[in-house]
$ cat work-v2.cif   # mmCIF, C-alpha atoms
data_input
loop_
_atom_site.label_atom_id
_atom_site.label_comp_id
_atom_site.auth_asym_id
_atom_site.auth_seq_id
_atom_site.Cartn_x
_atom_site.Cartn_y
_atom_site.Cartn_z
CA MET A 1 155.93 96.09 54.75
CA ASP A 2 155.80 99.68 55.91
CA GLY A 3 157.71 100.76 52.81
CA MET A 4 158.22 104.05 51.07
CA HIS A 5 155.66 103.00 48.45
CA ASP A 6 152.81 103.24 50.97
CA LEU A 7 152.12 106.89 50.26
CA GLY A 8 148.41 107.37 50.98
CA GLY A 9 147.88 110.26 53.40
CA LYS A 10 151.56 111.15 53.75
CA GLN A 11 152.01 114.89 54.16
CA GLY A 12 154.43 117.46 52.83
CA PHE A 13 153.88 116.72 49.15
CA GLY A 14 153.13 119.47 46.66
CA ARG A 15 150.92 120.19 43.69
CA VAL A 16 150.28 117.40 41.24
CA ASN A 17 152.17 117.98 38.00
CA TYR A 18 148.96 118.37 35.98
CA PRO A 19 148.41 118.25 33.10
CA SER A 20 151.38 116.00 32.45
CA PRO A 21 154.06 117.61 30.29
CA PRO A 22 154.77 115.47 27.20
CA HIS A 23 157.87 113.31 27.25
CA ASP A 24 159.26 110.68 24.95
CA GLU A 25 161.51 108.08 26.53
CA THR A 26 162.00 105.15 24.19
CA TRP A 27 163.22 102.90 27.01
CA GLU A 28 159.89 103.17 28.84
CA PRO A 29 157.82 101.16 26.32
CA LEU A 30 160.75 98.73 26.19
CA VAL A 31 160.57 98.19 29.96
CA ARG A 32 156.78 97.79 29.77
CA ALA A 33 157.20 95.09 27.12
CA LEU A 34 160.00 93.25 28.96
CA SER A 35 157.99 93.21 32.15
CA ALA A 36 154.92 91.91 30.29
CA PHE A 37 156.99 89.16 28.68
CA ALA A 38 158.43 87.91 31.97
CA LEU A 39 154.95 88.01 33.51
CA ARG A 40 153.40 86.04 30.64
CA LYS A 41 156.21 83.53 30.82
CA HIS A 42 155.40 83.11 34.53
CA ILE A 43 158.95 83.97 35.56
CA TYR A 44 157.14 85.88 38.30
CA ASN A 45 153.58 86.96 39.11
CA MET A 46 152.08 90.43 39.50
CA ASP A 47 152.37 90.38 43.31
CA GLU A 48 156.04 89.40 43.18
CA MET A 49 156.54 92.28 40.74
CA ARG A 50 154.84 94.75 43.06
CA HIS A 51 156.79 93.50 46.05
CA ALA A 52 160.08 93.79 44.17
CA ILE A 53 159.24 97.47 43.57
CA GLU A 54 158.38 97.92 47.27
CA ARG A 55 161.75 96.45 48.24
CA MET A 56 163.70 99.19 46.43
CA ALA A 57 165.90 101.34 48.64
CA PRO A 58 163.61 104.20 49.80
CA ARG A 59 165.86 106.94 48.38
CA HIS A 60 165.95 105.19 45.03
CA TYR A 61 162.18 104.60 45.07
CA MET A 62 161.37 108.24 45.69
CA THR A 63 163.59 109.61 42.94
CA ALA A 64 163.15 106.97 40.23
CA PRO A 65 160.52 107.62 37.53
CA TYR A 66 157.72 105.06 37.30
CA TYR A 67 159.34 102.89 34.64
CA GLU A 68 162.72 102.92 36.37
CA ARG A 69 160.98 101.33 39.35
CA HIS A 70 159.64 98.65 37.03
CA LEU A 71 163.06 98.21 35.46
CA THR A 72 164.64 97.72 38.88
CA ALA A 73 161.99 95.20 39.91
CA VAL A 74 162.30 93.16 36.69
CA ALA A 75 166.10 93.04 37.07
CA THR A 76 165.82 92.05 40.74
CA LEU A 77 163.42 89.21 39.97
CA LEU A 78 165.48 87.95 37.02
CA VAL A 79 168.45 87.72 39.39
CA GLU A 80 166.43 86.09 42.18
CA LYS A 81 164.92 83.58 39.73
CA ASP A 82 168.40 82.68 38.42
CA VAL A 83 167.76 83.93 34.90
CA THR A 84 170.79 86.21 35.26
CA THR A 85 173.20 87.55 37.88
CA ARG A 86 174.05 91.01 39.11
CA GLU A 87 177.55 90.49 37.73
CA GLU A 88 176.22 89.73 34.26
CA LEU A 89 173.95 92.79 34.32
CA GLU A 90 176.75 95.08 35.49
CA ALA A 91 179.12 93.69 32.89
CA LEU A 92 176.51 94.41 30.20
CA VAL A 93 176.03 98.03 31.27
CA GLN A 94 179.63 98.69 32.35
CA GLY A 95 178.42 100.39 35.50
CA ALA A 96 176.37 99.96 38.65
CA PHE A 97 172.94 98.34 38.29
CA PRO A 98 170.97 99.01 41.50
CA LEU A 99 168.62 96.22 42.55
CA SER A 100 165.94 95.96 45.24
CA GLY A 101 166.64 94.74 48.78
CA PRO A 102 166.33 91.08 49.80
CA ILE A 103 162.99 89.35 50.16
CA GLY A 104 161.73 88.02 53.52
CA PRO A 105 159.10 85.40 54.35
CA GLY A 106 155.50 85.68 53.17
CA ARG A 107 152.42 84.47 55.02
CA LEU A 108 149.28 82.45 54.42
CA PRO A 109 145.73 83.80 54.71
CA SER A 110 143.70 83.74 57.92
CA PRO A 111 140.88 81.19 58.23
CA PRO A 112 137.97 82.18 55.97
CA GLN A 113 135.23 84.36 57.41
CA LEU A 114 132.19 85.77 55.74
CA PHE A 115 131.28 89.42 55.52
CA MET A 116 128.08 90.76 54.00
CA ILE A 117 127.31 94.08 52.43
CA GLY A 118 126.48 96.50 55.24
CA ASP A 119 128.70 94.76 57.81
CA LYS A 120 130.84 96.98 59.99
CA VAL A 121 134.43 95.75 59.77
CA CYS A 122 137.73 96.66 61.36
CA VAL A 123 141.10 96.41 59.61
CA LYS A 124 143.38 94.30 61.81
CA ASN A 125 146.19 96.12 63.57
CA GLU A 126 148.85 94.05 61.81
CA PHE A 127 152.42 94.89 60.87
CA VAL A 128 153.36 92.56 58.04
CA PRO A 129 157.05 92.37 57.17
CA GLY A 130 156.48 91.11 53.60
CA HIS A 131 154.13 91.97 50.77
CA VAL A 132 150.73 93.26 51.86
CA ARG A 133 148.04 95.23 50.01
CA MET A 134 146.66 97.00 53.07
CA PRO A 135 147.59 100.68 52.93
CA ALA A 136 148.77 101.89 56.34
CA TYR A 137 146.14 104.65 56.45
CA ILE A 138 143.36 102.11 57.10
CA ARG A 139 145.22 100.00 59.69
CA GLY A 140 143.08 99.54 62.80
CA LYS A 141 140.28 101.65 61.29
CA THR A 142 136.58 100.79 61.07
CA GLY A 143 134.49 100.95 57.90
CA VAL A 144 131.47 99.39 56.19
CA VAL A 145 131.44 96.70 53.51
CA VAL A 146 129.78 98.13 50.39
CA GLY A 147 130.91 95.63 47.75
CA ILE A 148 132.34 92.15 47.30
CA SER A 149 134.79 91.28 44.51
CA PRO A 150 135.67 87.92 42.97
CA PRO A 151 138.35 85.90 44.80
CA TYR A 152 142.00 86.71 44.07
CA PRO A 153 145.21 84.93 45.10
CA PHE A 154 146.18 86.17 48.58
CA PRO A 155 148.90 88.74 47.81
CA ASP A 156 150.89 88.22 51.03
CA ALA A 157 151.55 84.65 49.84
CA ALA A 158 151.63 85.20 46.07
CA GLY A 159 154.16 88.03 46.45
CA HIS A 160 156.56 85.52 47.95
CA ALA A 161 156.00 82.78 45.34
CA MET A 162 154.08 80.72 47.90
CA GLN A 163 151.06 78.68 46.90
CA ALA A 164 148.40 81.36 47.31
CA PRO A 165 144.81 80.38 48.08
CA THR A 166 142.25 82.79 46.68
CA GLU A 167 139.99 84.85 48.89
CA PRO A 168 137.38 87.57 48.37
CA THR A 169 138.18 91.24 48.59
CA TYR A 170 135.69 93.69 49.98
CA ASP A 171 135.12 97.27 49.00
CA VAL A 172 135.19 98.90 52.41
CA ARG A 173 133.98 102.45 52.82
CA PHE A 174 135.64 104.65 55.41
CA ARG A 175 134.98 108.27 56.31
CA SER A 176 138.02 110.44 55.80
CA ARG A 177 137.42 112.05 59.19
CA ASP A 178 137.71 108.63 60.85
CA LEU A 179 141.04 108.05 59.10
CA TRP A 180 142.56 111.48 59.75
CA PRO A 181 140.42 113.22 62.39
CA ASP A 182 140.42 117.01 62.00
CA SER A 183 143.12 116.80 59.36
CA CYS A 184 141.56 116.01 55.99
CA ASP A 185 138.99 117.08 53.42
CA GLU A 186 135.55 115.55 53.90
CA ALA A 187 135.20 112.46 51.68
CA LEU A 188 134.31 108.79 51.60
CA ASN A 189 137.38 106.61 51.12
CA HIS A 190 136.79 103.28 49.41
CA VAL A 191 139.54 100.67 49.67
CA GLY A 192 139.68 97.13 48.23
CA VAL A 193 140.53 95.02 51.30
CA PHE A 194 141.41 91.33 51.32
CA GLN A 195 139.33 89.19 53.65
CA SER A 196 142.32 88.19 55.80
CA TYR A 197 142.99 91.83 56.69
CA LEU A 198 139.54 92.25 58.23
CA GLU A 199 137.67 91.32 61.37
CA LYS A 200 134.12 92.04 62.46
CA ALA A 201 133.89 95.38 64.21
CA GLU A 202 132.35 95.56 67.64
CA THR A 203 129.05 97.33 67.27
CA MET B 1 189.93 95.57 37.23
CA VAL B 2 187.37 98.05 38.55
CA ASN B 3 184.26 96.51 40.09
CA PRO B 4 181.25 97.76 38.05
CA SER B 5 179.29 98.19 41.30
CA ASP B 6 181.71 100.98 42.22
CA GLN B 7 181.14 102.73 38.89
CA PRO B 8 178.41 105.32 38.43
CA THR B 9 174.92 103.91 37.91
CA ALA B 10 174.24 103.12 34.27
CA SER B 11 171.45 105.10 32.58
CA ALA B 12 167.94 103.67 32.61
CA GLU B 13 168.24 103.21 28.84
CA GLU B 14 171.42 101.11 29.22
CA ARG B 15 169.87 99.04 32.00
CA ALA B 16 166.72 98.41 29.94
CA SER B 17 168.84 97.26 26.99
CA ALA B 18 170.75 94.87 29.26
CA LEU B 19 167.48 93.30 30.42
CA GLU B 20 166.38 92.91 26.82
CA ILE B 21 169.62 91.07 26.00
CA VAL B 22 169.22 88.79 29.02
CA LEU B 23 165.60 87.93 28.20
CA ARG B 24 166.49 87.17 24.59
CA ARG B 25 169.50 85.03 25.47
CA LYS B 26 168.15 83.22 28.50
CA GLY B 27 164.41 83.82 28.65
CA GLU B 28 163.60 82.69 25.12
CA MET B 29 162.09 86.06 24.27
CA PRO B 30 161.37 86.20 20.53
CA GLY B 31 163.17 89.00 18.69
CA THR B 32 159.86 90.56 17.61
CA PHE B 33 158.18 90.51 21.04
CA VAL B 34 158.94 94.08 22.09
CA GLU B 35 157.73 95.59 18.85
CA ASP B 36 154.67 93.36 18.64
CA PHE B 37 153.70 93.99 22.27
CA THR B 38 154.21 97.75 21.97
CA ASP B 39 152.16 97.93 18.75
CA HIS B 40 149.38 95.91 20.36
CA ALA B 41 149.37 98.07 23.51
CA GLU B 42 149.32 101.31 21.55
CA GLU B 43 146.66 100.21 19.08
CA LYS B 44 144.31 98.23 21.33
CA TRP B 45 144.58 99.60 24.88
CA ILE B 46 143.37 103.10 24.21
CA THR B 47 141.26 105.72 25.94
CA GLU B 48 138.72 105.48 23.12
CA ASN B 49 137.64 102.04 24.47
CA GLY B 50 136.38 103.55 27.71
CA ALA B 51 134.99 106.53 25.80
CA ARG B 52 132.96 104.16 23.61
CA MET B 53 131.54 102.46 26.71
CA VAL B 54 130.60 105.80 28.25
CA ALA B 55 128.97 107.09 25.06
CA ARG B 56 126.96 103.89 24.71
CA ALA B 57 125.88 104.07 28.34
CA TRP B 58 124.60 107.59 27.70
CA VAL B 59 122.43 106.55 24.75
CA ASP B 60 121.45 103.00 25.74
CA PRO B 61 119.87 102.53 29.19
CA GLY B 62 120.10 98.74 28.91
CA PHE B 63 123.84 98.91 28.29
CA ARG B 64 124.22 101.41 31.11
CA ALA B 65 122.53 99.00 33.53
CA ARG B 66 124.74 96.10 32.36
CA MET B 67 127.86 98.25 32.62
CA LEU B 68 127.06 99.32 36.18
CA ALA B 69 126.25 95.73 37.18
CA ASP B 70 129.34 94.15 35.55
CA GLY B 71 131.81 96.48 33.86
CA LYS B 72 134.03 93.68 32.63
CA ALA B 73 131.19 91.85 30.88
CA ALA B 74 130.03 95.13 29.31
CA ALA B 75 133.57 95.85 28.07
CA GLN B 76 133.92 92.34 26.68
CA GLU B 77 130.55 92.72 24.97
CA MET B 78 132.18 95.57 23.02
CA GLY B 79 135.22 93.44 22.21
CA PHE B 80 137.69 94.95 24.70
CA GLU B 81 140.25 92.78 26.48
CA PHE B 82 141.68 92.48 30.00
CA PRO B 83 144.96 91.15 31.34
CA GLU B 84 144.63 87.90 33.27
CA HIS B 85 144.79 89.53 36.72
CA HIS B 86 142.02 92.12 36.12
CA ARG B 87 139.09 89.99 37.18
CA GLN B 88 136.52 92.75 37.57
CA LEU B 89 135.85 96.25 36.32
CA VAL B 90 133.81 98.35 38.73
CA VAL B 91 132.06 101.29 37.08
CA LEU B 92 131.47 104.28 39.35
CA GLU B 93 128.55 106.47 38.40
CA ASN B 94 128.94 110.21 38.84
CA SER B 95 125.89 112.38 39.41
CA LYS B 96 125.25 116.02 40.12
CA ASP B 97 125.73 115.34 43.83
CA VAL B 98 128.38 112.59 43.78
CA HIS B 99 131.88 112.74 42.36
CA ASN B 100 134.11 109.65 42.15
CA VAL B 101 137.87 109.82 41.79
CA ILE B 102 140.32 106.93 41.39
CA VAL B 103 143.86 106.49 42.72
CA CYS B 104 146.31 103.71 43.49
CA THR B 105 148.26 104.80 46.56
CA LEU B 106 150.47 101.69 46.70
CA CYS B 107 151.61 101.63 43.05
CA SER B 108 149.72 102.98 40.03
CA CYS B 109 147.15 100.36 39.02
CA THR B 110 144.60 101.32 36.36
CA ALA B 111 142.20 99.64 33.96
CA TYR B 112 144.77 100.38 31.25
CA THR B 113 143.22 98.20 28.54
CA ILE B 114 139.99 100.20 28.87
CA ILE B 115 140.98 103.79 29.66
CA GLY B 116 144.48 103.68 28.15
CA ALA B 117 147.90 103.80 29.81
CA ALA B 118 147.87 105.84 33.01
CA PRO B 119 148.88 109.48 32.53
CA ASP B 120 152.04 110.63 34.27
CA TRP B 121 150.15 112.78 36.79
CA TYR B 122 148.28 109.67 38.02
CA LYS B 123 151.64 108.03 38.79
CA ASP B 124 152.96 111.20 40.44
CA ILE B 125 153.84 110.58 44.11
CA ASP B 126 152.13 113.87 45.02
CA TYR B 127 148.82 112.61 43.60
CA ARG B 128 149.14 109.20 45.27
CA ALA B 129 149.96 110.70 48.68
CA ARG B 130 147.45 113.54 48.71
CA VAL B 131 144.24 112.70 46.88
CA VAL B 132 143.01 110.24 49.53
CA ARG B 133 143.35 112.80 52.30
CA GLU B 134 142.89 116.15 50.58
CA SER B 135 140.59 115.19 47.72
CA ARG B 136 138.71 118.46 47.40
CA THR B 137 141.88 120.55 47.63
CA VAL B 138 143.81 118.43 45.12
CA LEU B 139 140.93 118.39 42.61
CA LYS B 140 140.60 122.15 42.94
CA GLU B 141 144.32 122.60 42.28
CA MET B 142 143.85 120.45 39.18
CA GLY B 143 141.08 122.71 37.94
CA LEU B 144 137.98 120.91 39.26
CA ASP B 145 136.29 123.15 41.81
CA LEU B 146 133.44 121.04 43.17
CA PRO B 147 130.50 122.61 45.03
CA ALA B 148 130.64 122.12 48.80
CA THR B 149 127.47 120.04 48.56
CA THR B 150 129.05 117.45 46.21
CA GLU B 151 129.99 114.23 47.99
CA ILE B 152 133.47 113.04 47.03
CA ARG B 153 134.24 109.33 46.91
CA VAL B 154 137.87 108.35 46.56
CA TRP B 155 138.59 104.79 45.33
CA ASP B 156 141.99 103.31 46.15
CA THR B 157 142.94 100.48 43.75
CA THR B 158 144.54 98.22 46.35
CA ALA B 159 143.12 94.90 45.09
CA ASP B 160 143.05 93.50 41.57
CA HIS B 161 139.70 94.80 40.49
CA ARG B 162 139.83 97.96 38.46
CA TYR B 163 137.72 101.09 38.42
CA MET B 164 136.46 103.56 35.85
CA VAL B 165 134.20 106.57 36.32
CA LEU B 166 131.01 106.95 34.29
CA PRO B 167 130.87 110.73 33.85
CA VAL B 168 127.66 112.76 33.74
CA GLN B 169 126.62 113.56 30.16
CA PRO B 170 126.77 117.32 29.53
CA PRO B 171 123.13 118.44 29.06
CA GLU B 172 123.97 120.38 25.90
CA THR B 173 124.91 117.09 24.17
CA THR B 174 121.50 115.46 24.65
CA GLY B 175 120.39 113.84 21.43
CA TRP B 176 123.88 113.67 19.89
CA PRO B 177 124.70 110.46 18.01
CA GLU B 178 126.88 107.95 19.87
CA GLU B 179 129.87 108.44 17.52
CA LYS B 180 129.94 112.16 18.27
CA LEU B 181 129.65 111.60 22.02
CA VAL B 182 132.69 109.28 22.00
CA LYS B 183 134.87 112.25 21.05
CA ILE B 184 134.02 114.35 24.11
CA VAL B 185 134.90 111.68 26.71
CA THR B 186 138.39 112.20 28.13
CA GLN B 187 140.68 109.91 30.11
CA ASP B 188 140.81 112.44 32.97
CA ALA B 189 136.99 112.32 33.23
CA MET B 190 137.10 108.50 33.45
CA ILE B 191 139.62 108.77 36.32
CA GLY B 192 137.65 111.52 38.01
CA ALA B 193 140.17 114.35 37.79
CA ALA B 194 137.82 116.27 35.53
CA ARG B 195 134.11 116.49 34.75
CA LEU B 196 132.48 116.92 31.38
CA ASP B 197 129.43 118.69 32.79
CA LYS B 198 129.91 122.18 34.18
CA MET B 199 129.99 122.41 37.97
CA GLU B 200 129.51 125.60 39.89
CA GLY B 201 132.24 125.95 42.53
#

$ encode --input "work-v2.cif" --output "structure tokens"
Amino acid sequence: MDGMHDLGGKQGFGRVNYPSPPHDETWEPLVRALSAFALRKHIYNMDEMRHAIERMAPRHYMTAPYYERHLTAVATLLVEKDVTTREELEALVQGAFPLSGPIGPGRLPSPPQLFMIGDKVCVKNEFVPGHVRMPAYIRGKTGVVVGISPPYPFPDAAGHAMQAPTEPTYDVRFRSRDLWPDSCDEALNHVGVFQSYLEKAET
Amino acid sequence: MVNPSDQPTASAEERASALEIVLRRKGEMPGTFVEDFTDHAEEKWITENGARMVARAWVDPGFRARMLADGKAAAQEMGFEFPEHHRQLVVLENSKDVHNVIVCTLCSCTAYTIIGAAPDWYKDIDYRARVVRESRTVLKEMGLDLPATTEIRVWDTTADHRYMVLPVQPPETTGWPEEKLVKIVTQDAMIGAARLDKMEG
């Protein structure tokens, strides 16, 4: 989905808050542990977790600290998986408990294709309504395969609790000036791209 | 009765406690899980793991070659662990002329069992939005002024393999014992926001 989480290349942001000022929030390690427990118990998988974060209301996403986004996603998934209900959560906290927006349909991978290191590839010009791990800044852009990674479950299916076949991901190298012509610093941008997001580029 | 949804949003702390209650009551979460998990994360998943790998790579060319070929196997050889979904660790070798920097624009993925929990600045939306497009400018703002001749490679962690940077060993530390080298390797250098060797801007 073209969600608020897809931040790469967005403009108008400011200086990075670096080095990070120290902070001590005891609820943050708690959220990390709760999320890890639910994941280990296979109440949901990592892609469902990421998609639940992406489904947060954009205003909430942008203002929530990192672990509040996780907290919201865990709560949303526990409700969607019938472990609890919004009413139970709100009764426990005696207040509003914001959850992420509803989930839509996922999708299955494209038929397998084989890319080799050195191949010129193009990222398909697709607009996927559900979970997808293709950042918008590479959509429709051409790059070169420089690495191949072991197969992973296809996130667009796994993020929707569908049976997810595994497929390779490719490290694709782009030139920043091809991604943002005349409006970027010179660099090589490497992105891990699932096979289904790619097609052979016309040479 | 007032509908809780119309009340002000509960604090993050209250909401986290509610989830803990729910997972204990209905998710069969053992009472000691949170403490045990947190202790394990804080004792085992530390920056020193990555620092040990880097220091060994600096003194042992065979290990360096294995680490660059298969970072996960090299980490496991040293006894470090990975969560189930981290199937590969890709090690990115810096040189005088090449600088690698890691980001996750879509969330904030890191090799946290190897380089330690991601620092807050890495999760900052400003970093995620900007470093892919304005790498040289952002690094300079963060104190790393790279020469114009240095090629910058930005790695976006969009799939489930993880990255770490193998920094250049500072020349003045040549000949140091491995244990001493471990102490100079920082998390920021393994993400690529800093370098351990001096660069002329």

$ resolve_selection --input "work-v2.cif" --expression "the PyMOL selection byres ((chain A) within 7 of (chain B))" --output "ChimeraX atom specification"
/A:5-10,13-20,27,29-31,33-34,66,68,71,75,83-84,89-97,133,135,176,184-185,187-193

$ atom_distance --input "work-v2.cif" --atom1 "atom CA of B:Arg56" --atom2 "atom CA of A:Val172"
29.3 Å

$ residues_near_point --input "work-v2.cif" --point "(148.4, 97.2, 59.1)" --cutoff "10 Å" --atoms "only C-alpha atoms" --output "number ranges by chain"
A: 1-2, 123-128, 132-141, 197

$ write_last_selection --input "work-v2.cif" --atoms "C-alpha atoms" --output "JSON list (two decimals), keeping the file's coordinate frame"
[["chain", "number", "residue", "atom", "x", "y", "z"],
["A", 1, "MET", "CA", 155.93, 96.09, 54.75],
["A", 2, "ASP", "CA", 155.80, 99.68, 55.91],
["A", 123, "VAL", "CA", 141.10, 96.41, 59.61],
["A", 124, "LYS", "CA", 143.38, 94.30, 61.81],
["A", 125, "ASN", "CA", 146.19, 96.12, 63.57],
["A", 126, "GLU", "CA", 148.85, 94.05, 61.81],
["A", 127, "PHE", "CA", 152.42, 94.89, 60.87],
["A", 128, "VAL", "CA", 153.36, 92.56, 58.04],
["A", 132, "VAL", "CA", 150.73, 93.26, 51.86],
["A", 133, "ARG", "CA", 148.04, 95.23, 50.01],
["A", 134, "MET", "CA", 146.66, 97.00, 53.07],
["A", 135, "PRO", "CA", 147.59, 100.68, 52.93],
["A", 136, "ALA", "CA", 148.77, 101.89, 56.34],
["A", 137, "TYR", "CA", 146.14, 104.65, 56.45],
["A", 138, "ILE", "CA", 143.36, 102.11, 57.10],
["A", 139, "ARG", "CA", 145.22, 100.00, 59.69],
["A", 140, "GLY", "CA", 143.08, 99.54, 62.80],
["A", 141, "LYS", "CA", 140.28, 101.65, 61.29],
["A", 197, "TYR", "CA", 142.99, 91.83, 56.69]]

$ atom_distance --input "work-v2.cif" --atom1 "atom CA of A:Lys200" --atom2 "atom CA of A:Glu54"
29.2 Å

$ residues_around --input "work-v2.cif" --residues "stretch 63-71 of chain B" --least-positions-apart "5" --cutoff "12 Å" --atoms "all atoms listed in the file" --output "JSON, numbers by chain"
{"A": [147, 149, 150], "B": [50, 52, 53, 54, 55, 56, 57, 58, 76, 77, 78, 80, 81, 82, 86, 87, 88, 89, 90, 91, 92, 93, 94, 111, 114, 161, 162, 163, 164, 165, 166, 167]}

$ resolve_selection --input "work-v2.cif" --expression "the PyMOL selection byres ((chain B and resi 178-183) around 12)" --output "MDAnalysis selection string"
chainID B and resid 47:60 167:177 184:187 196

$ resolve_selection --input "work-v2.cif" --expression "the PyMOL selection byres ((chain A and resi 104-114) around 8)" --output "short mmCIF file (atom, residue, chain, number, x, y, z; two decimals) with C-alpha atoms, keeping the file's coordinate frame"
data_model
loop_
_atom_site.label_atom_id
_atom_site.label_comp_id
_atom_site.auth_asym_id
_atom_site.auth_seq_id
_atom_site.Cartn_x
_atom_site.Cartn_y
_atom_site.Cartn_z
CA PRO A 102 166.33 91.08 49.80
CA ILE A 103 162.99 89.35 50.16
CA PHE A 115 131.28 89.42 55.52
CA MET A 116 128.08 90.76 54.00
CA PRO A 129 157.05 92.37 57.17
CA GLY A 130 156.48 91.11 53.60
CA HIS A 131 154.13 91.97 50.77
CA PHE A 154 146.18 86.17 48.58
CA ASP A 156 150.89 88.22 51.03
CA ALA A 157 151.55 84.65 49.84
CA GLY A 159 154.16 88.03 46.45
CA HIS A 160 156.56 85.52 47.95
CA MET A 162 154.08 80.72 47.90
CA ALA A 164 148.40 81.36 47.31
CA PRO A 165 144.81 80.38 48.08
CA GLU A 167 139.99 84.85 48.89
CA GLN A 195 139.33 89.19 53.65
CA SER A 196 142.32 88.19 55.80
#

$ atom_distance --input "work-v2.cif" --atom1 "atom CA of A:Thr142" --atom2 "atom CA of A:Thr169"
15.8 Å

$ closest_residue --input "work-v2.cif" --among "A:Glu202, A:Glu87, A:Glu25, A:Asp182" --to "A:Val121" --atoms "all atoms listed in the file"
A:Glu202

$ closest_residue --input "work-v2.cif" --among "B:Ala189, B:Leu146, B:Ala117, B:Ala74" --to "B:Lys44" --atoms "only C-alpha atoms"
B:Ala117

$ residues_around --input "work-v2.cif" --residues "B:Ile46" --least-positions-apart "5" --cutoff "7 Å" --atoms "all atoms listed in the file" --output "PyMOL selection string"
chain B and resi 113-116

$ write_last_selection --input "work-v2.cif" --atoms "C-alpha atoms" --output "compact mmCIF listing (two decimals), in the frame of the given file"
# COMPACT_ATOMS: atom_id res chain seq x y z
CA THR B 113 143.22 98.20 28.54
CA ILE B 114 139.99 100.20 28.87
CA ILE B 115 140.98 103.79 29.66
CA GLY B 116 144.48 103.68 28.15

$ closest_residue --input "work-v2.cif" --among "A:Ala161, A:Ala201, A:Met4, A:Val146" --to "A:Asp47" --atoms "only C-alpha atoms"
A:Ala161

$ decode --input "work-v2.cif" --residues "stretch 118-153 of chain B" --atoms "C-alpha atoms" --output "CSV table (one decimal), in the first residue's frame"
chain,number,residue,atom,x,y,z
B,118,ALA,CA,18.8,-0.1,16.7
B,119,PRO,CA,19.6,3.4,18.1
B,120,ASP,CA,16.8,5.9,18.1
B,121,TRP,CA,18.3,8.0,15.3
B,122,TYR,CA,18.2,5.0,13.0
B,123,LYS,CA,14.4,4.8,13.6
B,124,ASP,CA,14.0,8.5,13.2
B,125,ILE,CA,11.6,9.3,10.3
B,126,ASP,CA,14.0,12.0,9.1
B,127,TYR,CA,16.8,9.5,8.7
B,128,ARG,CA,14.5,7.0,6.9
B,129,ALA,CA,13.2,9.6,4.5
B,130,ARG,CA,16.4,11.4,3.7
B,131,VAL,CA,19.4,9.1,3.7
B,132,VAL,CA,18.5,7.3,0.5
B,133,ARG,CA,18.2,10.5,-1.4
B,134,GLU,CA,20.6,12.9,0.3
B,135,SER,CA,23.2,10.5,1.6
B,136,ARG,CA,26.2,12.8,1.5
B,137,THR,CA,24.3,15.7,3.0
B,138,VAL,CA,22.8,13.6,5.8
B,139,LEU,CA,26.1,12.0,6.7
B,140,LYS,CA,27.8,15.4,6.8
B,141,GLU,CA,25.1,16.7,9.1
B,142,MET,CA,25.8,13.7,11.3
B,143,GLY,CA,29.5,14.5,11.5
B,144,LEU,CA,30.8,12.4,8.6
B,145,ASP,CA,32.2,14.6,5.9
B,146,LEU,CA,33.2,12.2,3.1
B,147,PRO,CA,35.6,13.3,0.4
B,148,ALA,CA,33.9,14.0,-3.0
B,149,THR,CA,35.8,11.1,-4.5
B,150,THR,CA,34.3,8.5,-2.0
B,151,GLU,CA,31.5,6.5,-3.6
B,152,ILE,CA,28.5,6.2,-1.3
B,153,ARG,CA,26.4,3.0,-1.3
